[in-house]
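A.B. asks: Here it is: the structure, laid out below.
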Amino acid sequence: MIELHFQPVVSLTVAIGAAAILLALLLVRPRHVRLNRRQAATLIGLRFVVVLLLLFALLRPSLVTTKVEPVRASLVMLVDHSRSMQVADSLGDKSRWEAVRLLLDAAADDLAKLASKGDVTAYQFSEDSTPVEVSSGRLALDSSPNGESTAIGAALGDALDREVNKRVSAVLLLSDGAQRTAPPRETPPHVAARRLVAENIPLYTFTFGKSGGSERADLSLSDLLTNESVFSETPTDVRALLSAEGYASQRVKVQLLWETPRGMEAVDTQQVETGSQGGATPIALRYTPREPGEYKVTVRVEPRAGELITTNNEASTFVRVRPGGINVLYLVGAQRVGGGAGPEQRFVRAALARSPDIVVTRRLINYDPMGVDITELVGSPTPLANAASGIPRGTPNARANPLPDVVVLDNVDSQGLNAASWQAIAQRVERGMGLIMTGGYHSFGPGGFRGSQLANVLPVEIGPAQRQAFGETPRHDVQLAGPLRIRPTAPLGLKHPIMQLSATGSGNLRNPTPAHAEGSDGNPWPRLPPLDGANRIERTDLKPNAQVLAEADDPQRHPLLVVGQAGEGRVLAFAGDSTWRWVMAGFGEAHRRFWRQGILWLAKKDERTEGKVWIELASRRAARGARVDFKLGAETPQGQPAEGTEFTVNVLTPEGKSEPVQPTKSSEGWTAAYRGATKPGDYRIVVTAKSNGTELGKAEARFLVPNQDVELDRPAAEPTLMAQLAAMTQPAGGAALAAEELPDLLKRLAAQPPDVKQEVVAKITYWDTWPFFLTFVGLLAAEWFLRKRWGLV
C-alpha cells in the first residue's frame, strides 16, 4: 500500500498563498531593458520552476509504502545454573536441576519442531550467561549446576543483547526465582523485564523448588551485630537473628564462641525458643574479654536433624579488645531513709553512658536497712600484708565480675555501708582504684566520715562536730549556700586534664553553640550555670598532698574540687552536687567532658606515653569478590596525626600469601582498597608506618570472607518474583506457570504458525535530498546568469 503524506512547514493555506504571490511576480517585466519573447519566456520559466520547487519544499511530501513480510521467530530459553538448583525439593523430591532436565527431555519433540520452524536459543546462567547447544530438541546442559550466584536480571539483559537482530517470539525463564548476586551483575530483574515490555516480548516463568516456610527445614543465623572495638573487662554484647524455618515451637542451642590460644571456645550458651511460627528470633549473647587483642567471634546454632543446609548455621566477625575499659561503681545515697536519689546521679550516669569505654554499675543506698555489705562488688578486705598483691586479672582466680576501676560516692552516708565494705574500698584505693566523693547533705563531715577508714584516703581532713543526722535541717556551718560559680585555680586548675572542657581550647560546649561560647580568654567556665550550693571545705582542711583545681567565687574562695593521692590510687573530692543544671542550660557537652575526664583521670587513663598506628575497616565481613575499603594512619603520643609518614600495606591471604596494597592520601586522610578477597577465610591487613626511615609502629587488623554459599545459605525459591516478572509482560502474552506446565507450553508454541508476520513501513522523501538541493540552487544560478548577461543587473 502506497500513500502520499504532506508535512508542511507552515499551514497549507500560507504555503499556497506565498506561492501565488511569487507566481504573480512572474508577470512583472523590466522597464529599462526590452527583452525579446524568447528571453522573457526563458526567465519566466526558470522562475516558475523555482517557485514550484520552493512550494514542494514547504509542503514536504513523502511516499509511505507499507507491506507485511514474514520474519523467522526466535525462542529464547534461560536455565538457572546456580548451586541452589541442587536442592532436592522439586517435582517428586528430585533436585531442581533434575526436574528441569526431565521436563525438557519430555518436550524434546516439541522443541525440535520449534527449531524446524524458527530459532531456538538456550542459555544456562548463574553469575554469567553461556550459550547451550540445542540439537534435535535436546539441550546440552551440564550434568550438575555449580554457579556461585544467580543474576536473573543480568541474564535477561544478556539474552536480549545477543538476540538484538532477531525477532524474539518469547522468553522462557526456568529458575528458582531467587536473585543472589554481587556487583557488577546486580541488575534488578524488573529493570530487564521492562525491556521485554518495550519490545512486546512475552515472558513465561517456571519456578522450581519450594518457597521458605514450614515446607523446608533450615536453621540460619544472620545480621550479626557487635561493637568492633570494645574494652577489656567490659561486658560485650553479641547479637544476631535466628531464622528457624520448619522448626516452629522448638528449643535450639545457640553458642557464642570466642577465639583463644586453644582455638574457638564457647563462652556463652542459650536455649532459644523458636516461636510458634518458626520465623526470625533475635538473640543476644554476652562475654567479658579479659585481655586486649584482636579476637574472632562466632555465633553458632546447633544443627538439627533434617536440615538441608548447615553452612549458614554460624556467623563470624572480628572484635578488637582495647586496654582501658573502665568499670565504675556508682553508689548513690537516698535523700532520706527509704527514699530515692536526687537528680544529679541520673545526669552523671547518662553523661558517662555516652562513652563506650566506661561501664557504670549503679547501686542505691537507701539506708533500709543500714550497713549494707557490698564486698561482692568491691572485693573483700584483705590483711595488710597481702593488700599490695591484690588479685591479678586474667588468672584462674580472677572474679567472674570485674572489680571497679573507679568508685563514685554520691551523697552516701557512712552508715549506709558496713565496716567491711568501707575497709575494702579504702584498701582498693591504696592499691590503685580511683575514688570520687561528691557533695551532699551526707557527704564528707556531715556524712559521719570523721575517724572512718575512708577518711584516710580522702584529700581533705574532716573536722569535728560536722555530723548531720537524717532529717536534720541543713547546717550553714558545713554547707555553702548558692549560687556558686566554679572558678578554675591558676595556674594548676586551668592546665589540669579534668578541667579542659574544650576539645581544642575553643570547641563547642553548648549544644550547639559556636566557639565564642567560651569566655573572651578561651576559658569556658564563666559561662556555665552556677551550683545550687556545696559542702564547705576550708583551705585549712587540705591535706599536704592535696591540690585545689577549682574554687567558688565567694569572697573566701572555698575549694570546690580537690585532688589527691592515697597509696597508688587517685582521689577526687568534689563539693558540688548540681552539675545537672549545666545540661538543663544547654551545656551538655561540657557536662559530659567534665565527668568523663574526671573518671579517666581517676582510672589513670588520661595520658598516653607513645604514639600508635591504626587501621579502620569499613566492615569486618566482606562478600566473596567484594572490594574491602579501609582507612589507616599514625598518631603522635598527643593524639595528633603524624606528619611525613610513609605506610607499607600488605594483606595476608588465608593461604599465607602476602599481597601488597598501595594506599592513597586525600583530604580526609590515608585510605586503601583490597580487591583480592576471592576465597573464603581470614585475611590479615598489616600496616607499617615509618618517618624519616624510623619505624613508628605497626598495626594489624583482620577481616573475614565467610565460608558460606550465597546460593545454599538461603536456598528457598521465590515464586513471587517470578510471578511479578511474568505479569509485567502479560499484555504480550506472558504468564507465570507451574514447572510441570513447561511441556504443555512448548507444545502450544510448536502448534503456532511457523512465521511471524512483521509490518514493514518504508518512507521516501525527495525534498531533503542532495539532488533536490542542487537542482534548486542550479536554477537560481542559471536565472541570475541570464539576467546578468542580458543586462538586467
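Scheme for the C-alpha cells: letters A, B, ... for chains in order shown; per-chain residue numbers from 1; ligand numbers from 1 in order shown.
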Tell me, as a PDB file with N, CA, C and O atoms, in the first residue's frame, which residues lie within 9 Å of Pro183 of chain A, counting only C-alpha atoms; anything in the same chain fewer than 3 positions away does not count.
C.D. replies:
```
ATOM      1  N   GLU A 186      24.475  -7.070  39.313  1.00  0.00           N
ATOM      2  CA  GLU A 186      23.324  -6.959  40.195  1.00  0.00           C
ATOM      3  C   GLU A 186      22.139  -6.250  39.544  1.00  0.00           C
ATOM      4  O   GLU A 186      21.287  -5.695  40.241  1.00  0.00           O
ATOM      5  N   THR A 187      22.041  -6.267  38.212  1.00  0.00           N
ATOM      6  CA  THR A 187      20.906  -5.630  37.528  1.00  0.00           C
ATOM      7  C   THR A 187      19.586  -6.158  38.073  1.00  0.00           C
ATOM      8  O   THR A 187      19.359  -7.380  38.080  1.00  0.00           O
ATOM      9  N   ALA A 626      34.218  -9.067  46.814  1.00  0.00           N
ATOM     10  CA  ALA A 626      33.911  -7.650  47.037  1.00  0.00           C
ATOM     11  C   ALA A 626      35.177  -6.865  47.381  1.00  0.00           C
ATOM     12  O   ALA A 626      36.175  -7.422  47.857  1.00  0.00           O
TER      13      ALA A 626
END
```
A.B. asks: Could the residues of segment 645-679 of chain A that have an atom at most 12 Å from segment 613-617 of chain A be listed as a tab-separated table, each with its closest atom pair and the distance in Å to one decimal, counting only C-alpha atoms and ordered by chain and ascending residue number?
C.D. replies:
```
residue	atom	partner	partner_atom	distance
A:Thr645	CA	A:Val613	CA	10.5
A:Glu646	CA	A:Val613	CA	11.4
A:Phe647	CA	A:Val613	CA	9.8
A:Thr648	CA	A:Val613	CA	11.6
A:Val649	CA	A:Ile615	CA	10.4
A:Pro663	CA	A:Ile615	CA	11.9
A:Gly669	CA	A:Glu616	CA	11.7
A:Trp670	CA	A:Ile615	CA	9.9
A:Thr671	CA	A:Glu616	CA	9.3
A:Ala672	CA	A:Leu617	CA	9.8
A:Ala673	CA	A:Leu617	CA	10.0
A:Tyr674	CA	A:Leu617	CA	11.0
```
A.B. asks: With only C-alpha atoms as the atoms that count, which of A:Ala315, A:Trp601, A:Arg262, A:Met433 lies nearest to Asn707 of chain A?
C.D. replies: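 When distances to Asn707 of chain A are compared using only C-alpha atoms, the smallest one comes from A:Ala315.
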A.B. asks: Env of Ile283 of chain A: 7 Å cut, atoms = only C-alpha atoms, seq-sep filter 6 positions within chain, self excluded. Answer as a PyMOL selection string.
C.D. replies: chain A and resi 239-242
A.B. asks: Choose the residue, out of A:Pro491, A:Leu46, A:Pro715, A:Arg167, that has the smallest atom-to-atom separation from Ala217 of chain A; count only C-alpha atoms.
C.D. replies: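 Answer, going by the shortest atom-to-atom distance: A:Pro715.
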A.B. asks: Neighbouring residues of Leu174 of chain A were defined as those with any atom within 10 Å, considering only C-alpha atoms; residues of the same chain fewer than 2 positions away were excluded. Please report them as a list of chain:residue names.
C.D. replies: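 The filter keeps A:Met77, A:Leu78, A:Val79, A:Asp80, A:His81, A:Arg96, A:Trp97, A:Val100, A:Gln124, A:Val171, A:Leu172, A:Asp176, A:Gly177, A:Tyr204, A:Thr205, A:Phe206, A:Thr207, A:Phe208, A:Met722, A:Ala739, A:Leu742.
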